[in-house]
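**Q** I am sharing target-v5.txt, which consists of compact mmCIF, C-alpha atoms:
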```
# COMPACT_ATOMS: atom_id res chain seq x y z
CA MET W 1 -45.26 26.01 37.30
CA ALA W 2 -41.80 26.57 38.70
CA ILE W 3 -39.44 29.52 38.89
CA HIS W 4 -36.39 29.04 36.64
CA HIS W 5 -33.16 30.93 37.30
CA PHE W 6 -30.83 31.60 34.37
CA THR W 7 -28.67 34.33 32.89
CA LEU W 8 -28.64 35.42 29.25
CA ILE W 9 -25.68 37.17 27.64
CA VAL W 10 -26.93 39.91 25.32
CA ASP W 11 -25.51 42.11 22.62
CA GLY W 12 -26.81 45.49 21.58
CA PRO W 13 -27.68 48.78 23.24
CA ASP W 14 -26.99 49.43 26.91
CA LEU W 15 -30.05 48.07 28.70
CA GLN W 16 -29.08 49.99 31.85
CA ASP W 17 -29.60 53.27 30.03
CA ASP W 18 -32.54 55.14 31.59
CA THR W 19 -34.56 55.07 28.37
CA LEU W 20 -34.11 51.33 27.90
CA ILE W 21 -34.80 50.24 31.48
CA ASP W 22 -38.47 50.97 30.81
CA ALA W 23 -38.26 49.12 27.48
CA VAL W 24 -36.96 46.01 29.29
CA PHE W 25 -39.90 46.13 31.69
CA GLU W 26 -42.42 46.83 28.91
CA ALA W 27 -41.03 43.93 26.84
CA GLY W 28 -42.18 41.56 29.57
CA CYS W 29 -38.95 41.28 31.55
CA ASP W 30 -40.28 42.47 34.91
CA ASP W 31 -38.70 39.28 36.33
CA ALA W 32 -35.19 40.26 35.23
CA ALA W 33 -32.20 42.25 36.43
CA VAL W 34 -29.76 43.77 33.95
CA GLY W 35 -26.04 43.98 34.62
CA ARG W 36 -22.64 44.45 33.01
CA VAL W 37 -19.23 43.00 33.90
CA ASP W 38 -16.09 43.92 31.96
CA GLY W 39 -18.21 45.24 29.09
CA ILE W 40 -20.31 42.06 28.87
CA GLN W 41 -24.01 42.73 29.27
CA TYR W 42 -26.19 40.09 30.92
CA VAL W 43 -29.75 39.70 32.10
CA ASP W 44 -30.58 37.52 35.14
CA PHE W 45 -34.02 35.94 35.08
CA ASP W 46 -36.27 34.38 37.70
CA ARG W 47 -38.94 33.30 35.23
CA GLU W 48 -42.03 31.30 36.05
CA ALA W 49 -42.83 28.71 33.39
CA ALA W 50 -43.86 25.09 32.94
CA GLY W 51 -40.26 24.17 32.06
CA LEU W 52 -36.81 25.64 31.60
CA ASP W 53 -37.17 25.44 27.83
CA ARG W 54 -40.32 27.58 27.89
CA ALA W 55 -38.74 30.04 30.32
CA ILE W 56 -35.71 30.53 28.07
CA ILE W 57 -37.73 30.78 24.87
CA SER W 58 -40.04 33.42 26.34
CA ALA W 59 -37.14 35.40 27.85
CA VAL W 60 -35.25 35.44 24.54
CA ALA W 61 -38.38 36.52 22.66
CA ASP W 62 -39.14 39.24 25.21
CA LEU W 63 -35.60 40.67 25.19
CA GLU W 64 -35.36 40.62 21.41
CA ARG W 65 -38.51 42.73 21.14
CA ILE W 66 -36.25 45.59 22.20
CA ASN W 67 -34.76 47.23 19.12
CA GLY W 68 -31.16 46.11 18.52
CA VAL W 69 -30.98 43.53 21.32
CA THR W 70 -29.75 40.03 20.49
CA VAL W 71 -29.37 37.16 22.93
CA VAL W 72 -25.96 35.59 22.31
CA ARG W 73 -26.00 32.69 24.76
CA ILE W 74 -26.93 31.36 28.16
CA ALA W 75 -24.26 31.96 30.78
CA ASP W 76 -22.70 29.00 32.57
CA ALA W 77 -24.55 26.33 30.65
CA GLY W 78 -23.23 23.32 32.52
CA PHE W 79 -19.47 23.64 32.06
CA VAL W 80 -17.25 21.96 34.65
CA SER W 81 -13.52 21.75 35.33
CA MET W 82 -11.71 18.60 36.42
CA ALA W 83 -11.92 19.83 40.03
CA ASP W 84 -15.68 20.39 39.62
CA ILE W 85 -16.10 16.88 38.24
CA ALA W 86 -14.16 15.39 41.15
CA ALA W 87 -16.29 17.28 43.67
CA ARG W 88 -19.56 16.27 42.00
CA ILE W 89 -18.71 12.57 41.83
CA GLY W 90 -16.99 12.35 45.21
CA ARG W 91 -13.60 11.31 43.89
CA THR W 92 -10.17 12.79 44.30
CA ARG W 93 -8.76 15.04 41.61
CA GLU W 94 -6.14 12.39 40.88
CA GLY W 95 -8.78 9.68 40.55
CA THR W 96 -10.74 11.94 38.22
CA ARG W 97 -7.63 12.76 36.19
CA LEU W 98 -7.00 9.02 35.75
CA LEU W 99 -10.56 8.55 34.43
CA ILE W 100 -10.08 11.46 32.03
CA THR W 101 -6.78 10.16 30.68
CA GLY W 102 -8.04 6.58 30.43
CA ALA W 103 -5.45 5.25 32.91
CA ARG W 104 -8.40 4.10 35.02
CA GLY W 105 -11.81 2.93 33.87
CA PRO W 106 -12.88 1.92 30.36
CA GLY W 107 -11.37 4.92 28.54
CA GLY W 108 -13.21 7.09 26.07
CA PHE W 109 -13.92 9.93 28.52
CA PRO W 110 -15.79 12.75 26.77
CA PRO W 111 -13.55 15.35 25.16
CA PRO W 112 -13.41 18.80 26.74
CA VAL W 113 -15.22 21.68 25.06
CA THR W 114 -12.00 23.69 25.27
CA ASP W 115 -8.66 22.87 23.66
CA PRO W 116 -7.62 19.44 24.98
CA ARG W 117 -4.00 20.66 25.15
CA SER W 118 -4.91 23.51 27.48
CA ARG W 119 -4.05 23.38 31.12
CA TYR W 120 -7.52 24.77 31.91
CA ARG W 121 -9.95 22.39 30.25
CA LEU W 122 -13.72 22.44 30.63
CA TRP W 123 -16.29 19.71 29.96
CA ARG W 124 -20.06 19.72 29.63
CA TRP W 125 -21.46 18.19 32.79
CA SER W 126 -24.20 16.43 30.80
CA ASP W 127 -21.53 14.64 28.68
CA VAL W 128 -19.57 13.60 31.77
CA ALA W 129 -22.66 12.41 33.67
CA HIS W 130 -23.84 10.42 30.64
CA TRP W 131 -20.41 8.75 30.31
CA LEU W 132 -20.25 7.93 34.04
CA THR W 133 -23.73 6.41 33.92
CA LYS W 134 -23.04 4.39 30.78
CA HIS W 135 -19.55 3.14 31.66
CA LEU W 136 -19.44 3.08 35.45
CA GLY W 137 -23.11 2.66 36.33
CA GLU W 138 -23.14 5.88 38.36
CA GLU W 139 -26.56 7.52 38.16
CA LEU W 140 -25.89 11.24 38.21
CA ALA W 141 -28.43 13.99 37.80
CA THR W 142 -27.84 16.35 34.92
CA GLY W 143 -30.81 18.54 35.73
CA ASP W 144 -31.41 20.90 32.85
CA ASP W 145 -27.83 20.72 31.53
CA GLU W 146 -28.87 18.95 28.30
CA VAL W 147 -31.51 21.60 27.64
CA LEU W 148 -29.05 24.41 28.36
CA ALA W 149 -26.39 22.88 26.10
CA ALA W 150 -28.85 22.46 23.23
CA PHE W 151 -30.28 25.95 23.61
CA ASN W 152 -26.80 27.44 23.83
CA ALA W 153 -25.75 25.66 20.65
CA GLY W 154 -28.80 27.08 18.87
CA LEU W 155 -28.29 30.61 20.18
CA GLU W 156 -24.59 30.62 19.33
CA LEU W 157 -25.19 29.17 15.86
CA ARG W 158 -27.79 31.85 15.21
CA HIS W 159 -25.44 34.57 16.52
CA HIS W 160 -22.50 33.51 14.37
CA LYS W 161 -24.60 32.72 11.31
CA ARG W 162 -25.89 36.32 11.27
CA ARG W 163 -22.29 37.56 10.96
CA LEU W 164 -21.41 35.33 8.00
CA THR W 165 -21.37 36.49 4.41
CA PRO W 166 -23.96 34.85 2.13
CA PRO W 167 -21.36 32.49 0.58
CA ASP W 168 -20.21 31.41 4.03
CA ARG W 169 -23.83 30.77 5.07
CA ILE W 170 -24.23 28.48 2.09
CA ARG W 171 -21.09 26.60 3.12
CA LEU W 172 -22.45 26.29 6.67
CA ASP W 173 -25.78 24.97 5.39
CA ALA W 174 -23.84 22.21 3.61
CA LEU W 175 -22.93 20.61 6.96
CA PRO W 176 -24.89 17.41 7.52
CA GLU W 177 -27.91 17.55 9.87
CA LEU W 178 -28.09 21.30 10.40
```
Would you write out, as structure tokens, the structure that this file holds?
**A**
Amino acid sequence: MAIHHFTLIVDGPDLQDDTLIDAVFEAGCDDAAVGRVDGIQYVDFDREAAGLDRAIISAVADLERINGVTVVRIADAGFVSMADIAARIGRTREGTRLLITGARGPGGFPPPVTDPRSRYRLWRWSDVAHWLTKHLGEELATGDDEVLAAFNAGLELRHHKRRLTPPDRIRLDALPEL
């Protein structure tokens, strides 16, 4: 078993409150540290488990045993900027920009997860690494980025679905393959 490091963004009561600090420990999170930045509450974990997926699942279950606590998402789940991509693949920013725009390479670079018109775009590293492997033959490690992306999608869908009205939930359920 390995130790897995990850941070969960949570919603609900203040876990740093004296009465809830004990609840966090009693819920099984003795391997966690609670914090808050700009009103955003997070919990850092160093969880021992057979895999990252099991570590995340157990941490979410443990935290949500505390009344009113909901895990919203995993922090920093593999997002990279153009500069990050360039650094990871050992290319210049300009060379990376040319790959992104299709002026160099085969084209079809993965779309950013943010607005493509924005000056500050972000991509999922797993999408970029997959594209580089498929189109340029560059074998790049994605680590647990695919797992993090999938878990984040599930956590965020669950979070937003809870806020929808029943008619909107029905409309959401009409999407193919959900």
**Q** With distances taken over all atoms listed in the file, which residue among W:Ile85, W:Val72, W:Ile170, W:Leu136 lies nearest W:Gly154?
**A** W:Val72
**Q** Go through W:Arg171, W:Arg104, W:Arg88, W:Arg93 one by one, measure the shortest atom-to-atom distance of each to W:Trp125 using only C-alpha atoms, and give the residue with the smallest value.
**A**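 Checking each candidate against W:Trp125, we get W:Arg88 as the closest.
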**Q** Rank W:Gly68, W:Ser81, W:Asp30, W:Gln41 by their smallest atom-to-atom distance to W:Ser118, using all atoms listed in the file, and report the top residue only.
**A**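 Residue with the minimum atom-to-atom distance to W:Ser118: W:Ser81.
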**Q** Return the single residue from W:Gly95, W:Gly143, W:Ala75, W:Phe6 that is closest to W:Glu48, with distances computed using only C-alpha atoms.
**A**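 The answer is W:Phe6, which sits nearest to W:Glu48.
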**Q** May I have the residues at most 7 Å from (-37.2, 41.5, 28.2) in the file's coordinates, counting only C-alpha atoms, as an NGL selection string?
**A** :W and (24-25 or 27-29 or 59 or 62-63)
**Q** Restricted to C-alpha atoms, what would the selected residues look like written as a tab-separated table (two decimals), keeping the file's coordinate frame?
**A**
```tsv
chain	number	residue	atom	x	y	z
W	24	VAL	CA	-36.96	46.01	29.29
W	25	PHE	CA	-39.90	46.13	31.69
W	27	ALA	CA	-41.03	43.93	26.84
W	28	GLY	CA	-42.18	41.56	29.57
W	29	CYS	CA	-38.95	41.28	31.55
W	59	ALA	CA	-37.14	35.40	27.85
W	62	ASP	CA	-39.14	39.24	25.21
W	63	LEU	CA	-35.60	40.67	25.19
```
**Q** Could you tell me how far atom CA of W:Val128 lies from atom CA of W:Ile74, in Å and to one decimal?
**A**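 Taking atom CA of W:Val128 and atom CA of W:Ile74, their separation equals 19.6 Å.
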**Q** Quick check, in Å to one decimal: how far apart do atom CA of W:Val71 and atom CA of W:Arg121 lie?
**A** 25.5 Å
**Q** Which of these, W:His130, W:Leu8, W:Asn152, W:Asp168, has the shortest distance to W:Glu64 once you count all atoms listed in the file?
**A**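 Among the listed residues, W:Leu8 lies closest to W:Glu64.
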**Q** Hey, can you check how far atom CA of W:Lys161 sits from atom CA of W:Arg73?
**A**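 A separation of 13.5 Å between them.
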**Q** Could you check which of W:Leu122, W:Met82, W:Ala2, W:Val69 is closest to W:Val43, using only C-alpha atoms?
**A**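 Checking each of W:Leu122, W:Met82, W:Ala2, W:Val69 against W:Val43, counting only C-alpha atoms, the winner is W:Val69.
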**Q** Up to 12 Å from (-26.8, 30.1, 16.1) in the file's coordinates: name the residues, counting only C-alpha atoms, as a list in words.
**A**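 Output: Thr70, Val71, Val72, Arg73, Ala150, Phe151, Asn152, Ala153, Gly154, Leu155, Glu156, Leu157, Arg158, His159, His160, Lys161, Arg162, Arg163, Leu164, Arg169, Leu172, Asp173 and Leu178 of chain W.
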**Q** Excluding W:Phe79 and residues on its chain fewer than 3 positions from it, collect all residues at most 9 Å away from it, counting only C-alpha atoms, and give them as a list of chain:residue names.
**A**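 Neighbouring residues, sequence-local ones excluded: W:Asp76, W:Val113, W:Leu122, W:Trp123, W:Arg124, W:Trp125, W:Ser126, W:Asp145.
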**Q** Would you export the selected residues with C-alpha atoms as a tab-separated table (two decimals), keeping the file's coordinate frame, please?
**A**
```tsv
chain	number	residue	atom	x	y	z
W	76	ASP	CA	-22.70	29.00	32.57
W	113	VAL	CA	-15.22	21.68	25.06
W	122	LEU	CA	-13.72	22.44	30.63
W	123	TRP	CA	-16.29	19.71	29.96
W	124	ARG	CA	-20.06	19.72	29.63
W	125	TRP	CA	-21.46	18.19	32.79
W	126	SER	CA	-24.20	16.43	30.80
W	145	ASP	CA	-27.83	20.72	31.53
```
**Q** For stretch 13-16 of chain W, list every protein, DNA or RNA residue within 9 Å, evaluated using all atoms listed in the file, and leave out those in the same chain fewer than 2 positions away; present the list as a ChimeraX atom specification.
**A** /W:11,18-21,23-24,34-36,41,67-69
**Q** Neighbours of W:Asp46 within 8 Å (only C-alpha atoms; same-chain residues fewer than 3 positions away dropped), as a ChimeraX atom specification?
**A** /W:3-6,31-32
